[in-house]
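Next comes upload_1.tsv, a file with TSV, C-alpha atoms.
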```tsv
chain	number	residue	atom	x	y	z
F	7	MET	CA	83.75	136.75	107.13
F	8	LEU	CA	82.14	133.48	108.15
F	9	LYS	CA	79.76	133.70	105.24
F	10	GLN	CA	82.74	134.15	102.91
F	11	ALA	CA	84.47	131.07	104.35
F	12	ILE	CA	81.37	128.91	103.95
F	13	GLU	CA	80.88	130.18	100.41
F	14	ASN	CA	84.49	129.34	99.59
F	15	LEU	CA	84.13	125.85	101.02
F	16	GLY	CA	80.97	125.21	99.03
F	17	ASN	CA	82.53	126.58	95.89
F	18	ARG	CA	85.57	124.32	96.29
F	19	THR	CA	83.41	121.27	96.92
F	20	ILE	CA	81.34	121.94	93.81
F	21	GLN	CA	84.49	122.51	91.76
F	22	GLY	CA	85.94	119.24	93.09
F	23	VAL	CA	82.82	117.25	92.20
F	24	TRP	CA	82.80	118.92	88.80
F	25	ARG	CA	86.40	117.91	88.17
F	26	ILE	CA	85.74	114.32	89.24
F	27	GLY	CA	82.79	114.11	86.89
F	28	PHE	CA	84.83	115.57	84.04
F	29	ALA	CA	87.69	113.18	84.83
F	30	SER	CA	85.34	110.17	84.71
F	31	ARG	CA	83.93	111.30	81.37
F	32	PHE	CA	87.47	111.84	80.12
F	33	PHE	CA	88.47	108.34	81.25
F	34	LEU	CA	85.45	106.77	79.50
F	35	ALA	CA	86.09	108.73	76.30
F	36	MET	CA	89.69	107.57	76.40
F	37	LEU	CA	88.62	103.92	76.69
F	38	LEU	CA	86.02	104.34	73.93
F	39	HIS	CA	88.56	105.88	71.57
F	40	SER	CA	91.25	103.27	72.30
F	41	GLY	CA	90.57	101.61	68.96
F	42	THR	CA	92.83	104.12	67.23
F	43	ALA	CA	95.68	103.37	69.61
F	44	PHE	CA	95.68	99.76	68.38
F	45	ARG	CA	94.72	100.31	64.75
F	46	ARG	CA	97.51	102.85	64.32
F	47	PHE	CA	99.94	101.06	66.58
F	48	GLY	CA	102.80	103.22	65.37
F	49	LEU	CA	101.43	106.03	67.52
F	50	THR	CA	101.47	103.81	70.60
F	51	ILE	CA	104.98	102.56	69.75
F	52	ARG	CA	106.20	106.18	69.66
F	53	GLU	CA	104.72	106.81	73.09
F	54	LEU	CA	106.11	103.51	74.40
F	55	TYR	CA	109.52	104.85	73.48
F	56	PHE	CA	108.97	108.06	75.42
F	57	THR	CA	107.31	106.59	78.50
F	58	GLY	CA	108.95	103.17	78.64
F	59	VAL	CA	112.36	103.17	77.03
F	60	LEU	CA	113.39	106.58	78.36
F	61	SER	CA	112.36	105.54	81.90
F	62	LEU	CA	114.56	102.45	81.72
F	63	ILE	CA	117.77	104.01	83.03
F	64	ILE	CA	116.26	105.49	86.18
F	65	ILE	CA	114.25	102.31	86.86
F	66	LEU	CA	117.23	99.98	86.42
F	67	VAL	CA	119.66	102.08	88.46
F	68	SER	CA	117.26	102.69	91.34
F	69	GLY	CA	116.20	99.03	91.30
F	70	LEU	CA	119.81	97.96	91.62
F	71	PHE	CA	120.47	100.33	94.51
F	72	VAL	CA	117.25	99.47	96.34
F	73	GLY	CA	118.13	95.78	96.09
F	74	MET	CA	121.66	96.42	97.33
F	75	VAL	CA	120.37	98.40	100.32
F	76	LEU	CA	117.86	95.64	101.07
F	77	GLY	CA	120.69	93.13	100.97
F	78	LEU	CA	122.81	95.13	103.41
F	79	GLN	CA	120.05	96.08	105.83
F	80	GLY	CA	118.37	92.68	105.63
F	81	TYR	CA	121.63	90.96	106.43
F	82	GLU	CA	122.28	93.28	109.39
F	83	THR	CA	118.90	92.43	110.89
F	84	LEU	CA	118.71	88.75	109.98
F	85	GLN	CA	122.18	87.82	111.23
F	86	ARG	CA	121.13	88.87	114.75
F	87	PHE	CA	118.72	85.94	114.73
F	88	GLY	CA	121.17	83.69	112.96
F	89	SER	CA	118.88	83.40	109.97
F	90	GLU	CA	120.88	85.14	107.26
F	91	SER	CA	119.90	82.25	104.99
F	92	ALA	CA	116.48	83.94	104.71
F	93	LEU	CA	118.08	86.96	103.01
F	94	GLY	CA	116.95	85.82	99.57
F	95	THR	CA	113.37	85.49	100.80
F	96	LEU	CA	113.42	88.94	102.37
F	97	VAL	CA	114.85	90.67	99.31
F	98	ALA	CA	112.63	88.86	96.80
F	99	LEU	CA	109.36	89.10	98.72
F	100	SER	CA	109.71	92.76	99.60
F	101	LEU	CA	110.65	93.64	96.02
F	102	VAL	CA	108.09	91.52	94.20
F	103	ARG	CA	105.18	92.31	96.48
F	104	GLU	CA	105.69	95.95	97.36
F	105	LEU	CA	108.81	97.84	96.43
F	106	GLY	CA	108.93	96.83	92.77
F	107	PRO	CA	105.43	98.02	91.79
F	108	VAL	CA	105.30	100.97	94.22
F	109	LEU	CA	108.73	102.49	93.61
F	110	ALA	CA	108.49	101.86	89.88
F	111	GLY	CA	105.07	103.57	90.00
F	112	LEU	CA	106.45	106.58	91.87
F	113	LEU	CA	109.43	106.90	89.53
F	114	PHE	CA	107.13	106.44	86.55
F	115	ALA	CA	104.87	109.22	87.85
F	116	SER	CA	107.72	111.68	88.20
F	117	ARG	CA	109.63	110.62	85.08
F	118	ALA	CA	106.91	109.88	82.53
F	119	GLY	CA	103.74	111.29	84.11
F	120	SER	CA	105.11	114.82	84.45
F	121	ALA	CA	106.36	114.71	80.85
F	122	ILE	CA	102.93	113.61	79.59
F	123	THR	CA	101.19	116.41	81.49
F	124	ALA	CA	103.62	119.07	80.32
F	125	GLU	CA	103.39	117.89	76.71
F	126	ILE	CA	99.60	117.79	76.55
F	127	GLY	CA	99.25	120.97	78.57
F	128	LEU	CA	101.54	122.76	76.16
F	129	MET	CA	99.72	121.30	73.16
F	130	LYS	CA	96.56	122.77	74.63
F	131	ALA	CA	98.18	126.12	75.42
F	132	THR	CA	99.50	126.44	71.88
F	133	GLU	CA	96.06	125.43	70.57
F	134	GLN	CA	97.30	122.32	68.80
F	135	LEU	CA	94.41	120.35	70.27
F	136	SER	CA	91.87	122.88	68.96
F	137	ALA	CA	93.60	122.78	65.58
F	138	MET	CA	93.13	119.00	65.50
F	139	GLU	CA	89.45	119.40	66.30
F	140	MET	CA	89.18	121.90	63.43
F	141	MET	CA	90.56	119.23	61.10
F	142	ALA	CA	88.02	116.72	62.46
F	143	VAL	CA	90.73	114.75	64.23
F	144	ASP	CA	89.64	113.75	67.69
F	145	PRO	CA	92.50	114.74	70.01
F	146	ILE	CA	91.42	112.11	72.54
F	147	ALA	CA	91.84	109.37	69.97
F	148	ARG	CA	94.94	110.80	68.33
F	149	VAL	CA	96.88	112.17	71.31
F	150	VAL	CA	95.47	110.83	74.56
F	151	ALA	CA	94.59	107.16	73.96
F	152	PRO	CA	98.02	106.10	72.57
F	153	ARG	CA	99.73	107.67	75.58
F	154	PHE	CA	97.33	105.90	77.92
F	155	TRP	CA	97.96	102.48	76.43
F	156	ALA	CA	101.69	103.06	76.25
F	157	GLY	CA	101.68	103.82	79.97
F	158	VAL	CA	99.55	100.80	80.81
F	159	ILE	CA	101.80	98.50	78.77
F	160	SER	CA	105.12	99.85	79.99
F	161	MET	CA	104.32	100.06	83.71
F	162	PRO	CA	104.23	96.27	84.45
F	163	LEU	CA	107.36	95.76	82.34
F	164	LEU	CA	109.16	98.51	84.25
F	165	ALA	CA	108.02	97.09	87.60
F	166	ALA	CA	109.22	93.61	86.62
F	167	LEU	CA	112.57	95.05	85.55
F	168	PHE	CA	112.80	96.95	88.83
F	169	SER	CA	112.18	93.77	90.84
F	170	ALA	CA	114.59	91.72	88.74
F	171	THR	CA	117.46	94.20	88.99
F	172	GLY	CA	116.66	94.66	92.69
F	173	ILE	CA	116.98	90.94	93.31
F	174	PHE	CA	120.22	90.98	91.34
F	175	GLY	CA	121.45	93.86	93.53
F	176	GLY	CA	120.52	91.95	96.67
F	177	TYR	CA	122.37	88.93	95.26
F	178	LEU	CA	125.46	91.04	94.54
F	179	VAL	CA	125.62	92.43	98.07
F	180	GLY	CA	124.38	89.37	99.96
F	181	VAL	CA	126.22	86.61	98.14
F	182	LYS	CA	129.17	88.25	96.40
F	183	LEU	CA	130.05	90.90	98.97
F	184	ILE	CA	128.96	89.54	102.37
F	185	GLY	CA	129.18	85.86	101.56
F	186	VAL	CA	125.75	84.37	102.24
F	187	ASP	CA	125.66	80.91	100.70
F	188	GLU	CA	124.52	81.14	97.09
F	189	GLY	CA	122.53	77.91	97.15
F	190	THR	CA	120.47	78.81	100.21
F	191	PHE	CA	119.94	82.34	98.89
F	192	TRP	CA	118.20	81.09	95.75
F	193	SER	CA	116.51	77.99	97.16
F	194	GLN	CA	115.03	79.80	100.18
F	195	MET	CA	113.79	82.46	97.78
F	196	GLN	CA	112.20	79.91	95.50
F	197	SER	CA	110.51	78.00	98.28
F	198	SER	CA	108.85	81.07	99.76
F	199	VAL	CA	107.96	83.17	96.71
F	200	ASP	CA	104.82	81.80	95.13
F	201	PHE	CA	104.16	82.47	91.46
F	202	GLN	CA	100.45	83.14	91.76
F	203	GLN	CA	100.28	84.72	95.18
F	204	ASP	CA	103.28	86.99	94.91
F	205	ILE	CA	104.41	87.54	91.34
F	206	ILE	CA	101.02	87.69	89.62
F	207	ASN	CA	99.68	89.96	92.36
F	208	GLY	CA	102.69	92.21	91.91
F	209	VAL	CA	102.00	92.41	88.18
F	210	ILE	CA	98.33	93.21	88.85
F	211	LYS	CA	99.42	96.00	91.19
F	212	SER	CA	101.74	97.50	88.61
F	213	VAL	CA	99.00	97.43	85.93
F	214	VAL	CA	96.64	99.26	88.29
F	215	PHE	CA	99.33	101.83	89.08
F	216	GLY	CA	99.99	102.26	85.37
F	217	VAL	CA	96.30	102.98	84.72
F	218	ALA	CA	96.10	105.40	87.66
F	219	VAL	CA	99.30	107.33	86.93
F	220	THR	CA	98.75	107.74	83.19
F	221	THR	CA	95.08	108.67	83.65
F	222	ILE	CA	95.96	111.35	86.19
F	223	ALA	CA	98.81	112.67	84.05
F	224	LEU	CA	96.68	112.81	80.90
F	225	PHE	CA	93.73	114.39	82.65
F	226	GLU	CA	95.84	117.05	84.37
F	227	GLY	CA	97.42	117.93	81.04
F	228	TYR	CA	94.08	118.01	79.24
F	229	ASP	CA	92.47	120.06	81.99
F	230	ALA	CA	95.38	122.48	82.48
F	231	PRO	CA	94.68	126.21	82.11
F	232	PRO	CA	96.32	127.21	78.80
F	233	THR	CA	98.98	129.42	80.35
F	234	ALA	CA	102.59	128.89	81.35
F	235	GLU	CA	101.55	129.03	84.99
F	236	GLY	CA	98.69	126.61	84.43
F	237	VAL	CA	100.93	124.01	82.77
F	238	SER	CA	103.53	124.19	85.52
F	239	GLY	CA	100.83	123.88	88.18
F	240	ALA	CA	99.30	120.90	86.38
F	241	THR	CA	102.69	119.17	86.18
F	242	THR	CA	103.20	119.58	89.91
F	243	ARG	CA	99.69	118.34	90.62
F	244	THR	CA	100.32	115.26	88.45
F	245	VAL	CA	103.36	114.21	90.45
F	246	VAL	CA	101.71	114.89	93.82
F	247	THR	CA	98.33	113.34	93.01
F	248	SER	CA	99.67	110.28	91.26
F	249	SER	CA	102.22	109.57	93.98
F	250	LEU	CA	99.48	109.74	96.58
F	251	ALA	CA	97.23	107.62	94.38
F	252	VAL	CA	99.94	104.97	94.02
F	253	LEU	CA	100.51	104.76	97.77
F	254	ALA	CA	96.79	104.73	98.65
F	255	LEU	CA	95.95	102.18	95.95
F	256	ASP	CA	98.84	100.06	97.15
F	257	PHE	CA	97.32	99.89	100.61
F	258	VAL	CA	93.90	98.95	99.24
F	259	LEU	CA	95.30	96.32	96.88
F	260	THR	CA	97.55	94.84	99.57
F	261	ALA	CA	94.61	94.59	101.94
F	262	PHE	CA	92.68	92.74	99.25
F	263	MET	CA	95.45	90.45	98.09
F	264	PHE	CA	97.42	89.44	101.13
F	265	ARG	CA	94.99	89.69	104.02
F	266	GLY	CA	93.56	86.22	103.71
F	267	LEU	CA	96.92	84.70	102.97
F	268	ASN	CA	98.10	83.73	106.40
Z	1	MET	CA	104.66	101.98	57.62
Z	2	ASN	CA	108.42	102.14	57.78
Z	3	LYS	CA	110.53	100.48	60.35
Z	4	THR	CA	112.31	103.04	62.47
Z	5	VAL	CA	115.02	103.09	65.09
Z	6	LEU	CA	112.23	103.79	67.57
Z	7	ASP	CA	110.72	100.38	66.87
Z	8	LEU	CA	114.05	98.74	67.65
Z	9	TRP	CA	114.30	100.44	71.04
Z	10	VAL	CA	110.70	99.67	71.94
Z	11	GLY	CA	111.21	96.07	70.86
Z	12	LEU	CA	114.28	95.81	73.06
Z	13	PHE	CA	112.36	97.34	75.96
Z	14	VAL	CA	109.46	94.90	75.62
Z	15	ILE	CA	111.81	91.93	75.28
Z	16	THR	CA	113.85	92.84	78.36
Z	17	GLY	CA	110.62	93.48	80.30
Z	18	ILE	CA	109.25	90.07	79.40
Z	19	ALA	CA	112.63	88.52	80.19
Z	20	ALA	CA	112.48	90.12	83.65
Z	21	LEU	CA	109.00	88.68	84.17
Z	22	LEU	CA	110.23	85.25	83.09
Z	23	PHE	CA	113.19	85.57	85.44
Z	24	LEU	CA	110.82	86.37	88.29
Z	25	ALA	CA	108.55	83.48	87.36
Z	26	LEU	CA	111.19	80.81	86.84
Z	27	LYS	CA	114.15	81.73	88.99
Z	28	VAL	CA	112.59	83.64	91.89
Z	29	GLY	CA	109.17	82.06	92.32
Z	30	SER	CA	107.84	78.59	92.20
Z	31	THR	CA	104.36	77.23	91.83
Z	32	SER	CA	103.82	75.61	95.17
Z	33	ALA	CA	100.25	74.67	94.40
Z	34	ILE	CA	100.11	71.10	93.14
Z	35	LYS	CA	97.52	70.69	90.44
Z	36	ALA	CA	94.36	68.92	91.52
Z	37	SER	CA	94.78	66.29	88.80
Z	38	ASP	CA	98.23	65.28	90.04
Z	39	SER	CA	97.26	64.92	93.67
Z	40	TYR	CA	94.95	63.24	96.12
Z	41	GLU	CA	93.55	64.54	99.37
Z	42	VAL	CA	93.53	62.85	102.74
Z	43	VAL	CA	92.21	64.16	106.04
Z	44	ALA	CA	93.98	64.12	109.38
Z	45	ARG	CA	92.36	65.20	112.64
Z	46	PHE	CA	94.29	66.98	115.34
Z	47	GLU	CA	93.28	68.19	118.77
Z	48	ASN	CA	95.60	71.15	118.43
Z	49	ILE	CA	97.29	72.33	115.28
Z	50	GLY	CA	99.34	75.11	116.90
Z	51	GLY	CA	100.31	77.61	114.24
Z	52	LEU	CA	99.79	75.40	111.18
Z	53	LYS	CA	98.55	77.35	108.15
Z	54	PRO	CA	97.14	76.49	104.76
Z	55	ARG	CA	99.89	76.00	102.13
Z	56	ALA	CA	102.29	74.69	104.77
Z	57	PRO	CA	104.40	71.83	103.44
Z	58	VAL	CA	103.74	68.16	104.14
Z	59	LYS	CA	107.05	66.37	104.52
Z	60	SER	CA	108.02	62.77	104.72
Z	61	ALA	CA	111.61	61.97	105.60
Z	62	GLY	CA	112.25	65.68	105.15
Z	63	VAL	CA	111.09	65.71	101.52
Z	64	VAL	CA	108.09	67.84	100.56
Z	65	VAL	CA	105.39	65.43	99.35
Z	66	GLY	CA	102.40	67.75	99.47
Z	67	ARG	CA	100.78	70.82	100.96
Z	68	VAL	CA	98.12	71.59	103.54
Z	69	ALA	CA	95.06	72.36	101.42
Z	70	ASP	CA	92.50	73.32	104.02
Z	71	ILE	CA	91.99	73.57	107.76
Z	72	GLN	CA	88.50	73.31	109.23
Z	73	PHE	CA	87.15	73.19	112.75
Z	74	ASP	CA	84.85	70.25	113.38
Z	75	ASN	CA	82.10	71.40	115.69
Z	76	LYS	CA	81.05	67.85	116.60
Z	77	THR	CA	84.33	66.46	117.81
Z	78	TYR	CA	85.95	69.83	118.57
Z	79	GLU	CA	88.94	68.83	116.54
Z	80	ALA	CA	90.77	70.45	113.65
Z	81	ALA	CA	90.27	68.63	110.35
Z	82	VAL	CA	93.34	69.24	108.21
Z	83	THR	CA	93.10	68.35	104.54
Z	84	LEU	CA	96.45	67.30	103.09
Z	85	ARG	CA	96.96	67.41	99.35
Z	86	LEU	CA	99.58	64.84	98.50
Z	87	ASP	CA	101.47	64.37	95.27
Z	88	LYS	CA	100.13	61.42	93.25
Z	89	ARG	CA	103.64	60.08	92.72
Z	90	TYR	CA	103.88	59.15	96.38
Z	91	ALA	CA	101.67	56.50	97.96
Z	92	PHE	CA	101.66	55.93	101.69
Z	93	PRO	CA	100.57	52.90	103.75
Z	94	LYS	CA	97.14	53.11	105.36
Z	95	ASP	CA	98.51	53.21	108.90
Z	96	SER	CA	100.87	56.14	108.28
Z	97	SER	CA	100.93	58.75	111.01
Z	98	ALA	CA	100.86	62.53	110.77
Z	99	ALA	CA	102.49	64.89	113.24
Z	100	ILE	CA	102.73	68.66	113.36
Z	101	MET	CA	106.34	69.68	113.66
Z	102	THR	CA	108.36	72.84	113.67
Z	103	SER	CA	111.37	73.42	111.48
Z	104	GLY	CA	114.01	74.87	113.72
Z	105	LEU	CA	113.28	76.48	117.05
Z	106	LEU	CA	111.08	79.29	115.79
Z	107	GLY	CA	110.55	78.19	112.21
Z	108	GLU	CA	107.37	77.49	110.30
Z	109	GLN	CA	105.21	74.54	111.18
Z	110	TYR	CA	104.71	71.64	108.82
Z	111	VAL	CA	103.02	68.25	108.78
Z	112	GLY	CA	105.39	65.32	109.07
Z	113	LEU	CA	104.15	62.06	107.56
Z	114	GLU	CA	105.66	58.85	108.84
Z	115	ALA	CA	105.02	55.75	106.79
Z	116	GLY	CA	103.51	52.73	108.55
Z	117	GLY	CA	103.76	49.07	107.68
Z	118	ASP	CA	100.37	48.31	106.15
Z	119	SER	CA	100.29	46.79	102.69
Z	120	MET	CA	97.15	48.78	101.82
Z	121	LYS	CA	97.82	52.30	100.55
Z	122	LEU	CA	96.06	55.55	101.44
Z	123	LYS	CA	93.43	56.51	98.89
Z	124	ALA	CA	91.73	59.83	98.16
Z	125	ASN	CA	89.56	61.11	101.03
Z	126	ASP	CA	90.95	58.53	103.45
Z	127	ARG	CA	91.61	59.52	107.00
Z	128	ILE	CA	94.95	59.34	108.72
Z	129	LEU	CA	94.11	57.80	112.10
Z	130	ILE	CA	97.32	58.20	114.04
Z	131	THR	CA	98.11	61.87	114.61
Z	132	GLN	CA	100.29	63.82	116.95
Z	133	ASP	CA	99.40	67.38	117.95
Z	134	ALA	CA	101.56	70.43	117.77
Z	135	VAL	CA	103.68	71.12	120.81
Z	136	VAL	CA	102.40	74.31	122.41
Z	137	LEU	CA	105.25	76.00	124.19
Z	138	GLU	CA	103.01	77.58	126.85
Z	139	ASN	CA	101.58	74.20	127.88
Z	140	LEU	CA	105.06	72.78	128.08
Z	141	ILE	CA	106.30	75.63	130.26
Z	142	GLY	CA	103.12	75.49	132.36
Z	143	ARG	CA	103.58	71.78	133.01
Z	144	PHE	CA	107.22	72.32	133.88
Z	145	LEU	CA	106.41	75.12	136.33
Z	146	TYR	CA	103.59	73.08	137.88
Z	147	GLY	CA	105.95	70.16	138.40
Z	148	LYS	CA	108.58	72.42	139.95
Z	149	ALA	CA	106.04	74.00	142.29
Z	150	GLN	CA	104.87	70.60	143.49
Z	151	GLU	CA	108.43	69.50	144.10
Z	152	GLY	CA	109.10	72.51	146.32
Z	153	ALA	CA	105.78	72.41	148.19
Z	154	PRO	CA	106.02	71.69	151.96
Z	155	GLN	CA	104.69	68.26	152.87
```
Can I see the file as structure tokens?
Amino acid sequence: MLKQAIENLGNRTIQGVWRIGFASRFFLAMLLHSGTAFRRFGLTIRELYFTGVLSLIIILVSGLFVGMVLGLQGYETLQRFGSESALGTLVALSLVRELGPVLAGLLFASRAGSAITAEIGLMKATEQLSAMEMMAVDPIARVVAPRFWAGVISMPLLAALFSATGIFGGYLVGVKLIGVDEGTFWSQMQSSVDFQQDIINGVIKSVVFGVAVTTIALFEGYDAPPTAEGVSGATTRTVVTSSLAVLALDFVLTAFMFRGLN
Amino acid sequence: MNKTVLDLWVGLFVITGIAALLFLALKVGSTSAIKASDSYEVVARFENIGGLKPRAPVKSAGVVVGRVADIQFDNKTYEAAVTLRLDKRYAFPKDSSAAIMTSGLLGEQYVGLEAGGDSMKLKANDRILITQDAVVLENLIGRFLYGKAQEGAPQ
């Protein structure tokens, strides 16, 4: 009984280390074969359409609503201290620093990441990847690398769009609905949001999340057992793992970027 | 390679994304850091800086004329040496004074520069001699309570 448990634990650990090693090799191979993604940019454009353009609706709508909620809640709290003029600062800083990259990353993981995993997993299950290898086409270069770069390119753009629509939503609720002064809303925002400290750091975050989410999605798809069950399990694992990765990476990056600030 | 409808959508996506970034950069944020070439640094020494932080504004007559570049503790004089980076467009007399003030009751702290009457102007790496420390609320309350206690003490 006990022996069985210890054996299981050891087996799982070895499997985990094995997977991490395979994932690292996969990541390196993907970077090495990225040349194709840029030489045949049409492939990347196609994937940009699927990961970026098709994620637009959900990103824009949720950005708008998140900004509107921030406007309402922020006003409720700030007006207790008589500082509702800081509403613009609150909405902009929380969106640009945290909510924009993180929520866009989470939505991206569940919208685009799961699709990538399912697609590649199914390609593997129907032996399309093996067929490519038979024709001397490297599936990593032809299938994986364009998807990776499309994800890395579209993630910062989506995060920026999320922040921008969020700020617009906060403006709609704060200024148009509640009646915070428009001038103070924008000027307070401008005086406290710094281009390098806040916006560039937000963009860096979203690039890192893009790399993490697409790598996890691609690897789970590539590594999925070639069965219907295997693909569905891999899709679930993609969403869970990449959401956790986004949140954990966000903590690490925030600790790096903003700790020495004040 | 043929142009496809896909390209149009991706192009639109990239353009709106970049537009959002530009919106964030121009409308939402501002570059508070003054470039080193457009500024000069002067040092002011304070016995107590309160809650002053790097990047806090330096204001004269309420207008932002620079930023706090650096705050160091001087181990010889036990004072805080605050480096102020001032915009090159503004020159101040040599006997200007610096004070640490608070915007509003609980607001952020900033350095207030008050121009003096000297005909010589402050140059780079000069020192502002007349300074006024931050008001520490605890000291103020402590002094007030001490005074009250003495008033009420039996003779």
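Using all atoms listed in the file, the shortest contact distance between chain Z and any of F:Ala98, F:Ala35, F:Ala254, F:Met138 is found at F:Ala98.
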* Define the interface residues of chain Z facing chain F as those within 8 Å, counting all atoms listed in the file, and report them as a list of chain:residue names. => Z:Leu6, Z:Asp7, Z:Trp9, Z:Val10, Z:Phe13, Z:Val14, Z:Thr16, Z:Gly17, Z:Ile18, Z:Ala20, Z:Leu21, Z:Phe23, Z:Leu24, Z:Ala25, Z:Lys27, Z:Val28, Z:Gly29, Z:Ser30, Z:Thr31, Z:Ser32, Z:Lys53, Z:Pro54
* Coordinates-based distance that separates CA of Leu255 in chain F from CA of Thr241 in chain F (Å, one decimal) ->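 Separating CA of Thr241 in chain F from CA of Leu255 in chain F is a distance of 20.7 Å.
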* Asked: If you count only C-alpha atoms, which residues fall within 8 Å of range 38-43 of chain F, apart from same-chain ones fewer than 6 positions away, as a list in words?
  ->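 My reading of the contact set: Leu49, Thr50, Ile146, Ala147, Arg148, Ala151, Pro152 and Trp155 of chain F.
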Dump as a PDB file with C-alpha atoms, keeping the file's coordinate frame all residues having an atom at most 9 Å from (95.5, 116.7, 83.7), computed in the file's coordinates with all atoms listed in the file.
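Listing of result-v6.pdb after writing:
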```
ATOM      1  CA  ALA F  29      87.690 113.180  84.830  1.00  0.00           C
ATOM      2  CA  THR F 123     101.190 116.410  81.490  1.00  0.00           C
ATOM      3  CA  ILE F 126      99.600 117.790  76.550  1.00  0.00           C
ATOM      4  CA  GLY F 127      99.250 120.970  78.570  1.00  0.00           C
ATOM      5  CA  THR F 221      95.080 108.670  83.650  1.00  0.00           C
ATOM      6  CA  ILE F 222      95.960 111.350  86.190  1.00  0.00           C
ATOM      7  CA  ALA F 223      98.810 112.670  84.050  1.00  0.00           C
ATOM      8  CA  LEU F 224      96.680 112.810  80.900  1.00  0.00           C
ATOM      9  CA  PHE F 225      93.730 114.390  82.650  1.00  0.00           C
ATOM     10  CA  GLU F 226      95.840 117.050  84.370  1.00  0.00           C
ATOM     11  CA  GLY F 227      97.420 117.930  81.040  1.00  0.00           C
ATOM     12  CA  TYR F 228      94.080 118.010  79.240  1.00  0.00           C
ATOM     13  CA  ASP F 229      92.470 120.060  81.990  1.00  0.00           C
ATOM     14  CA  ALA F 230      95.380 122.480  82.480  1.00  0.00           C
ATOM     15  CA  ALA F 240      99.300 120.900  86.380  1.00  0.00           C
ATOM     16  CA  THR F 241     102.690 119.170  86.180  1.00  0.00           C
ATOM     17  CA  ARG F 243      99.690 118.340  90.620  1.00  0.00           C
ATOM     18  CA  THR F 244     100.320 115.260  88.450  1.00  0.00           C
TER      19      THR F 244
END
```
